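model-v3.pdb follows; it contains PDB, C-alpha atoms.
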```pdb
MODEL        1
ATOM      1  CA  MET G   1      22.222 128.391 137.555
ATOM      2  CA  LEU G   2      25.823 127.846 136.579
ATOM      3  CA  THR G   3      27.458 129.557 133.613
ATOM      4  CA  HIS G   4      29.615 127.241 131.503
ATOM      5  CA  TYR G   5      32.867 128.408 129.910
ATOM      6  CA  LYS G   6      34.428 126.032 127.386
ATOM      7  CA  ASN G   7      38.068 126.110 126.292
ATOM      8  CA  GLN G   8      38.785 129.552 127.671
ATOM      9  CA  SER G   9      40.235 131.376 130.652
ATOM     10  CA  CYS G  10      38.085 133.196 133.189
ATOM     11  CA  GLU G  11      40.381 135.567 135.041
ATOM     12  CA  GLU G  12      37.522 137.656 136.417
ATOM     13  CA  LEU G  13      36.604 134.772 138.738
ATOM     14  CA  ILE G  14      39.857 135.319 140.616
ATOM     15  CA  GLU G  15      38.143 138.132 142.500
ATOM     16  CA  LEU G  16      35.800 135.573 144.069
ATOM     17  CA  LEU G  17      38.767 133.722 145.541
ATOM     18  CA  LYS G  18      40.126 136.671 147.497
ATOM     19  CA  GLY G  19      40.567 135.404 151.032
ATOM     20  CA  ASP G  20      41.473 131.944 149.762
ATOM     21  CA  GLU G  21      44.611 133.051 147.907
ATOM     22  CA  ILE G  22      46.855 130.560 149.673
ATOM     23  CA  THR G  23      44.737 127.418 149.848
ATOM     24  CA  PHE G  24      43.559 127.891 146.249
ATOM     25  CA  SER G  25      46.734 129.433 144.851
ATOM     26  CA  VAL G  26      46.922 126.840 142.056
ATOM     27  CA  LEU G  27      43.334 127.574 141.023
ATOM     28  CA  PHE G  28      44.292 131.267 140.838
ATOM     29  CA  ALA G  29      46.891 130.359 138.225
ATOM     30  CA  ILE G  30      44.680 127.886 136.355
ATOM     31  CA  LEU G  31      41.867 130.388 135.866
ATOM     32  CA  ARG G  32      44.279 132.645 133.985
ATOM     33  CA  ARG G  33      44.835 129.903 131.382
ATOM     34  CA  ARG G  34      42.552 128.277 128.841
ATOM     35  CA  CYS G  35      40.641 125.502 130.611
ATOM     36  CA  THR G  36      38.575 122.658 129.204
ATOM     37  CA  ASP G  37      35.564 123.497 131.400
ATOM     38  CA  ILE G  38      34.669 126.112 133.987
ATOM     39  CA  PHE G  39      31.303 126.284 135.745
ATOM     40  CA  THR G  40      30.373 129.154 138.062
ATOM     41  CA  ASP G  41      27.455 131.102 139.494
ATOM     42  CA  HIS G  42      29.743 134.184 139.634
ATOM     43  CA  GLU G  43      29.111 134.481 143.359
ATOM     44  CA  ASN G  44      29.619 131.353 145.442
ATOM     45  CA  VAL G  45      30.685 128.411 143.266
ATOM     46  CA  ILE G  46      33.555 127.548 140.907
ATOM     47  CA  LEU G  47      34.273 124.173 139.306
ATOM     48  CA  CYS G  48      37.328 124.225 137.077
ATOM     49  CA  TYR G  49      38.749 121.415 134.943
ATOM     50  CA  SER G  50      41.984 122.446 133.238
ATOM     51  CA  ASN G  51      42.512 119.314 131.124
ATOM     52  CA  ALA G  52      43.189 115.581 131.370
ATOM     53  CA  PRO G  53      44.631 113.937 133.410
ATOM     54  CA  PHE G  54      44.253 116.609 136.082
ATOM     55  CA  PRO G  55      41.595 116.887 138.807
ATOM     56  CA  VAL G  56      38.571 119.157 138.900
ATOM     57  CA  TRP G  57      39.041 122.073 141.304
ATOM     58  CA  VAL G  58      35.929 122.781 143.375
ATOM     59  CA  TRP G  59      35.497 125.970 145.388
ATOM     60  CA  CYS G  60      32.558 127.183 147.444
ATOM     61  CA  LYS G  61      32.537 130.453 149.360
ATOM     62  CA  ASP G  62      29.726 129.526 151.767
ATOM     63  CA  MET G  63      29.310 125.826 152.502
ATOM     64  CA  ALA G  64      26.329 126.582 154.729
ATOM     65  CA  ASP G  65      24.499 127.556 151.552
ATOM     66  CA  THR G  66      22.717 124.282 150.762
ATOM     67  CA  LYS G  67      21.664 125.469 147.299
ATOM     68  CA  ALA G  68      25.292 126.131 146.377
ATOM     69  CA  VAL G  69      26.334 122.686 147.612
ATOM     70  CA  GLU G  70      23.484 121.121 145.639
ATOM     71  CA  LEU G  71      24.618 122.973 142.502
ATOM     72  CA  ILE G  72      28.124 121.600 142.976
ATOM     73  CA  GLY G  73      26.864 118.065 143.492
ATOM     74  CA  ALA G  74      24.661 118.211 140.409
ATOM     75  CA  CYS G  75      27.482 119.646 138.289
ATOM     76  CA  ILE G  76      29.872 116.888 139.369
ATOM     77  CA  LYS G  77      27.319 114.190 138.565
ATOM     78  CA  ASP G  78      26.414 115.700 135.189
ATOM     79  CA  HIS G  79      29.811 116.828 133.920
ATOM     80  CA  PHE G  80      32.638 115.380 136.050
ATOM     81  CA  PRO G  81      31.403 111.995 137.341
ATOM     82  CA  PHE G  82      33.795 109.709 139.165
ATOM     83  CA  GLU G  83      32.737 106.886 136.857
ATOM     84  CA  LYS G  84      34.429 108.642 133.942
ATOM     85  CA  GLY G  85      37.744 108.854 135.751
ATOM     86  CA  HIS G  86      37.387 112.308 137.287
ATOM     87  CA  TYR G  87      38.570 113.136 140.772
ATOM     88  CA  HIS G  88      38.186 116.398 142.628
ATOM     89  CA  ILE G  89      40.086 118.814 144.857
ATOM     90  CA  MET G  90      38.175 120.647 147.579
ATOM     91  CA  ILE G  91      38.404 121.460 151.268
ATOM     92  CA  GLU G  92      37.214 118.757 153.657
ATOM     93  CA  LYS G  93      34.227 120.757 154.916
ATOM     94  CA  LEU G  94      32.763 120.899 151.405
ATOM     95  CA  TRP G  95      33.318 117.174 150.916
ATOM     96  CA  GLN G  96      31.463 116.453 154.148
ATOM     97  CA  ALA G  97      28.576 118.643 152.971
ATOM     98  CA  LEU G  98      28.417 116.821 149.631
ATOM     99  CA  LYS G  99      28.176 113.469 151.412
ATOM    100  CA  ASN G 100      24.580 114.306 152.338
ATOM    101  CA  ASP G 101      23.917 113.253 148.734
ATOM    102  CA  SER G 102      23.943 109.450 148.384
ATOM    103  CA  TYR G 103      26.053 109.755 145.211
ATOM    104  CA  PHE G 104      29.016 110.791 147.371
ATOM    105  CA  GLU G 105      28.620 108.118 150.069
ATOM    106  CA  ASN G 106      31.436 105.922 148.723
ATOM    107  CA  THR G 107      33.885 108.765 148.169
ATOM    108  CA  TYR G 108      37.127 109.006 150.118
ATOM    109  CA  ILE G 109      40.161 111.235 150.605
ATOM    110  CA  ASP G 110      42.945 109.895 148.425
ATOM    111  CA  ILE G 111      45.486 112.634 149.180
ATOM    112  CA  ASP G 112      45.279 115.113 152.039
ATOM    113  CA  MET G 113      47.195 118.233 151.057
ATOM    114  CA  LEU G 114      48.238 120.857 153.591
ATOM    115  CA  SER G 115      48.589 124.479 152.508
ATOM    116  CA  TYR G 116      51.347 126.475 154.204
ATOM    117  CA  ARG G 117      52.512 130.072 154.383
ATOM    118  CA  LEU G 118      55.774 131.549 155.619
ATOM    119  CA  ASP G 119      55.776 134.854 157.497
ATOM    120  CA  ASN G 120      58.909 134.521 159.641
ATOM    121  CA  ILE G 121      61.798 132.527 158.260
ATOM    122  CA  LEU G 122      63.917 130.546 160.728
ATOM    123  CA  PRO G 123      67.716 130.249 160.590
ATOM    124  CA  VAL G 124      69.221 127.330 158.648
ATOM    125  CA  ASP G 125      69.834 124.425 161.024
ATOM    126  CA  LYS G 126      71.493 122.056 158.519
ATOM    127  CA  ILE G 127      73.869 123.286 155.839
ATOM    128  CA  ALA G 128      74.109 120.992 152.810
ATOM    129  CA  ASP G 129      77.069 120.756 150.464
ATOM    130  CA  GLY G 130      76.655 122.403 147.103
ATOM    131  CA  LYS G 131      74.694 125.442 145.975
ATOM    132  CA  ILE G 132      71.460 126.684 144.428
ATOM    133  CA  GLU G 133      71.298 127.581 140.750
ATOM    134  CA  LEU G 134      68.773 128.790 138.205
ATOM    135  CA  ALA G 135      68.005 125.882 135.873
ATOM    136  CA  ASP G 136      68.741 125.978 132.168
ATOM    137  CA  THR G 137      67.941 123.707 129.223
ATOM    138  CA  THR G 138      71.357 122.040 129.289
ATOM    139  CA  ASP G 139      69.962 119.569 131.816
ATOM    140  CA  ILE G 140      66.379 119.421 130.511
ATOM    141  CA  ASP G 141      66.315 115.604 130.446
ATOM    142  CA  ILE G 142      67.326 115.417 134.112
ATOM    143  CA  PHE G 143      64.658 117.923 135.111
ATOM    144  CA  ALA G 144      62.042 116.153 132.979
ATOM    145  CA  GLY G 145      62.898 112.920 134.792
ATOM    146  CA  PHE G 146      62.646 114.659 138.168
ATOM    147  CA  PHE G 147      59.237 116.095 137.263
ATOM    148  CA  HIS G 148      57.977 112.756 135.972
ATOM    149  CA  ASP G 149      58.973 110.991 139.171
ATOM    150  CA  PHE G 150      57.579 113.795 141.349
ATOM    151  CA  GLU G 151      54.166 113.629 139.671
ATOM    152  CA  LEU G 152      54.163 109.843 139.883
ATOM    153  CA  GLU G 153      54.984 109.875 143.605
ATOM    154  CA  ALA G 154      52.780 112.811 144.564
ATOM    155  CA  GLU G 155      49.761 112.410 142.285
ATOM    156  CA  GLY G 156      50.032 108.915 140.826
ATOM    157  CA  ILE G 157      50.142 110.461 137.336
ATOM    158  CA  ASP G 158      52.477 108.773 134.844
ATOM    159  CA  HIS G 159      53.091 111.580 132.338
ATOM    160  CA  GLU G 160      54.667 111.023 128.948
ATOM    161  CA  MET G 161      58.266 112.221 128.999
ATOM    162  CA  GLU G 162      57.581 114.680 126.186
ATOM    163  CA  TYR G 163      54.981 116.406 128.368
ATOM    164  CA  CYS G 164      57.511 116.561 131.224
ATOM    165  CA  ARG G 165      60.140 118.116 128.947
ATOM    166  CA  GLU G 166      57.664 120.725 127.716
ATOM    167  CA  HIS G 167      56.598 121.559 131.262
ATOM    168  CA  MET G 168      60.186 121.930 132.456
ATOM    169  CA  ASP G 169      61.173 123.882 129.345
ATOM    170  CA  GLU G 170      58.359 126.367 130.013
ATOM    171  CA  ALA G 171      59.429 126.753 133.660
ATOM    172  CA  ILE G 172      63.037 127.316 132.595
ATOM    173  CA  GLU G 173      62.018 129.868 129.973
ATOM    174  CA  ARG G 174      60.128 131.810 132.664
ATOM    175  CA  ASN G 175      63.064 131.583 135.128
ATOM    176  CA  GLN G 176      60.857 129.647 137.547
ATOM    177  CA  LEU G 177      62.894 126.449 137.921
ATOM    178  CA  PHE G 178      65.674 126.189 140.493
ATOM    179  CA  ALA G 179      67.999 123.327 141.316
ATOM    180  CA  TRP G 180      70.524 122.247 143.912
ATOM    181  CA  ARG G 181      73.889 121.015 142.636
ATOM    182  CA  ASN G 182      76.070 119.166 145.136
ATOM    183  CA  GLU G 183      79.841 119.350 145.496
ATOM    184  CA  GLN G 184      80.215 116.395 143.111
ATOM    185  CA  ASN G 185      78.577 118.577 140.430
ATOM    186  CA  GLN G 186      75.430 116.422 140.442
ATOM    187  CA  LEU G 187      71.913 117.847 140.148
ATOM    188  CA  VAL G 188      70.161 116.384 143.183
ATOM    189  CA  ALA G 189      67.005 118.438 143.811
ATOM    190  CA  MET G 190      64.687 120.958 142.176
ATOM    191  CA  THR G 191      61.657 123.127 142.787
ATOM    192  CA  GLN G 192      59.522 125.578 140.857
ATOM    193  CA  ASN G 193      59.094 129.099 142.184
ATOM    194  CA  VAL G 194      56.143 130.983 140.696
ATOM    195  CA  LYS G 195      55.642 134.599 141.753
ATOM    196  CA  THR G 196      52.100 135.951 141.562
ATOM    197  CA  ASP G 197      50.760 139.077 143.226
ATOM    198  CA  ASN G 198      52.423 139.126 146.682
ATOM    199  CA  PHE G 199      53.106 135.394 146.877
ATOM    200  CA  ALA G 200      55.994 133.138 145.890
ATOM    201  CA  ARG G 201      54.471 129.687 145.368
ATOM    202  CA  LEU G 202      56.865 126.777 145.583
ATOM    203  CA  SER G 203      55.864 123.533 143.921
ATOM    204  CA  ALA G 204      57.320 120.272 142.618
ATOM    205  CA  VAL G 205      59.848 120.158 145.450
ATOM    206  CA  TYR G 206      61.746 116.999 144.573
ATOM    207  CA  THR G 207      64.975 115.261 145.571
ATOM    208  CA  ALA G 208      66.258 112.223 143.699
ATOM    209  CA  PRO G 209      65.815 109.169 145.988
ATOM    210  CA  GLU G 210      69.543 108.404 146.273
ATOM    211  CA  TYR G 211      70.232 111.931 147.600
ATOM    212  CA  ARG G 212      67.447 112.285 150.164
ATOM    213  CA  ARG G 213      67.900 113.141 153.849
ATOM    214  CA  LYS G 214      71.032 115.154 153.130
ATOM    215  CA  GLY G 215      69.365 118.554 153.464
ATOM    216  CA  TYR G 216      69.409 119.416 149.760
ATOM    217  CA  ALA G 217      65.708 120.231 149.327
ATOM    218  CA  TYR G 218      65.663 121.972 152.713
ATOM    219  CA  ASN G 219      68.521 124.290 151.714
ATOM    220  CA  LEU G 220      67.043 124.848 148.252
ATOM    221  CA  VAL G 221      63.640 125.870 149.613
ATOM    222  CA  HIS G 222      65.158 127.914 152.447
ATOM    223  CA  SER G 223      67.317 129.878 150.011
ATOM    224  CA  LEU G 224      64.361 130.733 147.767
ATOM    225  CA  CYS G 225      62.180 131.625 150.750
ATOM    226  CA  LYS G 226      64.844 133.931 152.172
ATOM    227  CA  THR G 227      65.051 135.798 148.867
ATOM    228  CA  ALA G 228      61.255 136.031 148.631
ATOM    229  CA  VAL G 229      60.860 137.346 152.192
ATOM    230  CA  GLN G 230      63.597 139.934 151.652
ATOM    231  CA  SER G 231      61.730 141.176 148.573
ATOM    232  CA  GLY G 232      58.480 141.524 150.538
ATOM    233  CA  MET G 233      56.752 138.393 149.215
ATOM    234  CA  THR G 234      55.074 135.600 151.197
ATOM    235  CA  PRO G 235      56.247 132.076 150.315
ATOM    236  CA  ILE G 236      53.449 129.492 150.089
ATOM    237  CA  LEU G 237      53.297 125.803 149.193
ATOM    238  CA  TYR G 238      51.364 122.534 149.456
ATOM    239  CA  ALA G 239      52.551 119.331 151.114
ATOM    240  CA  ASP G 240      51.077 115.839 151.328
ATOM    241  CA  SER G 241      50.085 115.337 154.977
ATOM    242  CA  SER G 242      51.113 111.680 154.817
ATOM    243  CA  TYR G 243      54.758 112.456 154.042
ATOM    244  CA  GLY G 244      56.305 113.425 157.351
ATOM    245  CA  PRO G 245      59.827 114.412 156.175
ATOM    246  CA  SER G 246      58.524 117.130 153.844
ATOM    247  CA  ASN G 247      56.229 118.608 156.454
ATOM    248  CA  GLU G 248      58.988 118.627 159.063
ATOM    249  CA  CYS G 249      61.314 120.268 156.547
ATOM    250  CA  TYR G 250      58.859 123.089 155.890
ATOM    251  CA  LYS G 251      58.149 123.626 159.585
ATOM    252  CA  LYS G 252      61.899 123.941 160.241
ATOM    253  CA  ILE G 253      61.999 126.751 157.693
ATOM    254  CA  GLY G 254      59.120 128.514 159.453
ATOM    255  CA  PHE G 255      56.032 127.564 157.413
ATOM    256  CA  THR G 256      52.727 127.500 159.283
ATOM    257  CA  LEU G 257      49.572 125.591 158.376
ATOM    258  CA  VAL G 258      46.747 127.497 156.688
ATOM    259  CA  ASP G 259      44.207 124.854 155.581
ATOM    260  CA  ARG G 260      43.715 121.426 154.029
ATOM    261  CA  LEU G 261      42.839 120.458 150.473
ATOM    262  CA  CYS G 262      41.537 116.967 149.801
ATOM    263  CA  HIS G 263      41.805 114.896 146.638
ATOM    264  CA  ILE G 264      38.443 113.127 146.530
ATOM    265  CA  ARG G 265      37.935 109.828 144.711
ATOM    266  CA  LYS G 266      35.200 107.212 144.720
ATOM    267  CA  TYR G 267      35.076 103.453 144.949
ATOM    268  CA  CYS G 268      33.485 102.673 141.583
ATOM    269  CA  LYS G 269      32.415  99.263 140.349
TER     270      LYS G 269
ENDMDL
END
```
Go ahead and render the structure in this file as structure tokens.
Amino acid sequence: MLTHYKNQSCEELIELLKGDEITFSVLFAILRRRCTDIFTDHENVILCYSNAPFPVWVWCKDMADTKAVELIGACIKDHFPFEKGHYHIMIEKLWQALKNDSYFENTYIDIDMLSYRLDNILPVDKIADGKIELADTTDIDIFAGFFHDFELEAEGIDHEMEYCREHMDEAIERNQLFAWRNEQNQLVAMTQNVKTDNFARLSAVYTAPEYRRKGYAYNLVHSLCKTAVQSGMTPILYADSSYGPSNECYKKIGFTLVDRLCHIRKYCK
């Protein structure tokens, strides 16, 4: 049986995720906030839907446990069906296990995300002009535009600009948003840096298209990682496996692959 939590946080479930702190680092954060729906057996299964238009996070401790996999499949069909626009994030092994159910036969991996960690930072091999800075609300419209375009490119989500401003404003208020400003005094790249427990999770790493391949994002991420490592924290992040430049950038900094997370969708009539 799965317990259902509606419109609330469920921080106690974080204990179940110990051992998966890096691959499911976003789920760690989500469970601390009020979510639309959370289903769990308090032992082996978590399904978490924060709110629209975001995916349902699906975690299973033991994928050899057929009853747990069946519970997940039934919960998806009953509460988060593909036909109602839901898609799901899980590791590939769980997806393969779910495909034993005919309902999942026409599902596919839409985005293959790689989770990385950094234990030993490498020296900078390309110095970019400009410098890193902590973002402030003076440039909120620029950052909102960056975030909008990042989400559209990475997730295919076309957020309203007001949502993007609110998201960036919250990150700025928490001192979690950093930018790179070039020598022409132009904001050219940004990333969020969220510190939780012993990890520094980088996300929304974005460079405006006209400024790409100049080393801006590389230097921005490297600078934040260097500070995190010096303070005893482990930098972590996700990257789309299909975008080679980002993955090469992170490897040059010293990131190593931990696991894969798959965005699962279904061909629906």
* **Contacts of segment 118-134 of chain G at 6 Å (all atoms listed in the file; same-chain gap of 5+ positions) as a list in words** =>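 Final neighbour list, sorted by chain and number: Phe178, Ala179, Trp180, Arg181, Asn182, Glu183, Gly215, Tyr216, Pro235, Ile253, Gly254 and Phe255 of chain G.
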* To do: Do a neighbour search on segment 159-166 of chain G at 7 Å with only C-alpha atoms, toss out local chain neighbours closer than 5 positions, and write the hits as an MDAnalysis selection string.
  => chainID G and resid 140:141 144 147:148
* So which one's closest to Gly19 of chain G, G:Lys61, G:Glu70, G:Ile76, G:Thr234? Using all atoms listed in the file, please. ->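 Checking each candidate against Gly19 of chain G, we get G:Lys61 as the closest.
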* Using only C-alpha atoms, which of G:Asp78, G:Asp110, G:Asp41, G:Glu15 sits nearest Cys60 of chain G? ->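 That would be G:Asp41, the residue with the smallest distance to Cys60 of chain G.
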With the file shown as input, list the residues that the PyMOL selection byres ((chain G and resi 94) around 10) selects, as a CSV table (one decimal) with C-alpha atoms, keeping the file's coordinate frame.
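See result_31.csv below for the written result:
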```
chain,number,residue,atom,x,y,z
G,58,VAL,CA,35.9,122.8,143.4
G,59,TRP,CA,35.5,126.0,145.4
G,60,CYS,CA,32.6,127.2,147.4
G,61,LYS,CA,32.5,130.5,149.4
G,62,ASP,CA,29.7,129.5,151.8
G,63,MET,CA,29.3,125.8,152.5
G,64,ALA,CA,26.3,126.6,154.7
G,69,VAL,CA,26.3,122.7,147.6
G,72,ILE,CA,28.1,121.6,143.0
G,90,MET,CA,38.2,120.6,147.6
G,91,ILE,CA,38.4,121.5,151.3
G,92,GLU,CA,37.2,118.8,153.7
G,93,LYS,CA,34.2,120.8,154.9
G,95,TRP,CA,33.3,117.2,150.9
G,96,GLN,CA,31.5,116.5,154.1
G,97,ALA,CA,28.6,118.6,153.0
G,98,LEU,CA,28.4,116.8,149.6
G,99,LYS,CA,28.2,113.5,151.4
G,262,CYS,CA,41.5,117.0,149.8
```
* Which is closest to Thr23 of chain G among G:Arg265, G:Arg201, G:Lys6, G:Lys226, if we use all atoms listed in the file? ->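 The answer is G:Arg201, which sits nearest to Thr23 of chain G.
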* Asked: So which one's closest to Leu202 of chain G, G:Gly232, G:Tyr116, G:Arg260, G:Lys77? Using all atoms listed in the file, please.
  -> G:Tyr116
Set the distance at 12 Å and use all atoms listed in the file: which residues neighbour Phe28 of chain G once local chain neighbours fewer than 2 positions away are removed? I'd like the list as a tab-separated table (two decimals) with C-alpha atoms, in the frame of the given file.
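Just written: part15.tsv:
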```
chain	number	residue	atom	x	y	z
G	9	SER	CA	40.24	131.38	130.65
G	10	CYS	CA	38.08	133.20	133.19
G	11	GLU	CA	40.38	135.57	135.04
G	12	GLU	CA	37.52	137.66	136.42
G	13	LEU	CA	36.60	134.77	138.74
G	14	ILE	CA	39.86	135.32	140.62
G	15	GLU	CA	38.14	138.13	142.50
G	16	LEU	CA	35.80	135.57	144.07
G	17	LEU	CA	38.77	133.72	145.54
G	18	LYS	CA	40.13	136.67	147.50
G	19	GLY	CA	40.57	135.40	151.03
G	20	ASP	CA	41.47	131.94	149.76
G	21	GLU	CA	44.61	133.05	147.91
G	22	ILE	CA	46.86	130.56	149.67
G	23	THR	CA	44.74	127.42	149.85
G	24	PHE	CA	43.56	127.89	146.25
G	25	SER	CA	46.73	129.43	144.85
G	26	VAL	CA	46.92	126.84	142.06
G	30	ILE	CA	44.68	127.89	136.35
G	31	LEU	CA	41.87	130.39	135.87
G	32	ARG	CA	44.28	132.65	133.99
G	33	ARG	CA	44.84	129.90	131.38
G	46	ILE	CA	33.56	127.55	140.91
G	48	CYS	CA	37.33	124.22	137.08
G	50	SER	CA	41.98	122.45	133.24
G	57	TRP	CA	39.04	122.07	141.30
G	59	TRP	CA	35.50	125.97	145.39
G	194	VAL	CA	56.14	130.98	140.70
G	195	LYS	CA	55.64	134.60	141.75
G	196	THR	CA	52.10	135.95	141.56
G	197	ASP	CA	50.76	139.08	143.23
G	199	PHE	CA	53.11	135.39	146.88
G	201	ARG	CA	54.47	129.69	145.37
```
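The smallest atom-to-atom distance between Ile111 of chain G and any of G:Ala239, G:Ala29, G:Val258, G:Leu2, using only C-alpha atoms, is found for G:Ala239.
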* **Test item: the PyMOL selection byres ((chain G and resi 149-152) around 12) resolved as a ChimeraX atom specification** => /G:53-54,142-148,153-161,163-164,167,189-192,203-209
* Asked: Which value, in Å to one decimal, gives the distance between atom CA of Ser242 of chain G and atom CA of Gln186 of chain G?
  ->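 Those two atoms sit 28.6 Å apart.
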* **Residue nearest Tyr108 of chain G - candidates G:Ala68, G:Leu220, G:Ile264, G:Ile236, atoms counted: only C-alpha atoms** =>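 That would be G:Ile264, the residue with the smallest distance to Tyr108 of chain G.
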* **Coordinates-based distance that separates atom CA of Tyr250 of chain G from atom CA of Tyr218 of chain G (Å, one decimal)** =>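 It comes out at 7.6 Å.
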* Pairwise distance for atom CA of Asn100 of chain G and atom CA of Cys75 of chain G, rounded to one decimal in Å ->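 Atom CA of Cys75 of chain G lies 15.3 Å from atom CA of Asn100 of chain G.
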* To do: Output the residue selection produced by the PyMOL selection byres ((chain G and resi 37) around 8) on the file above, formatted as a count of residues only.
  => 12
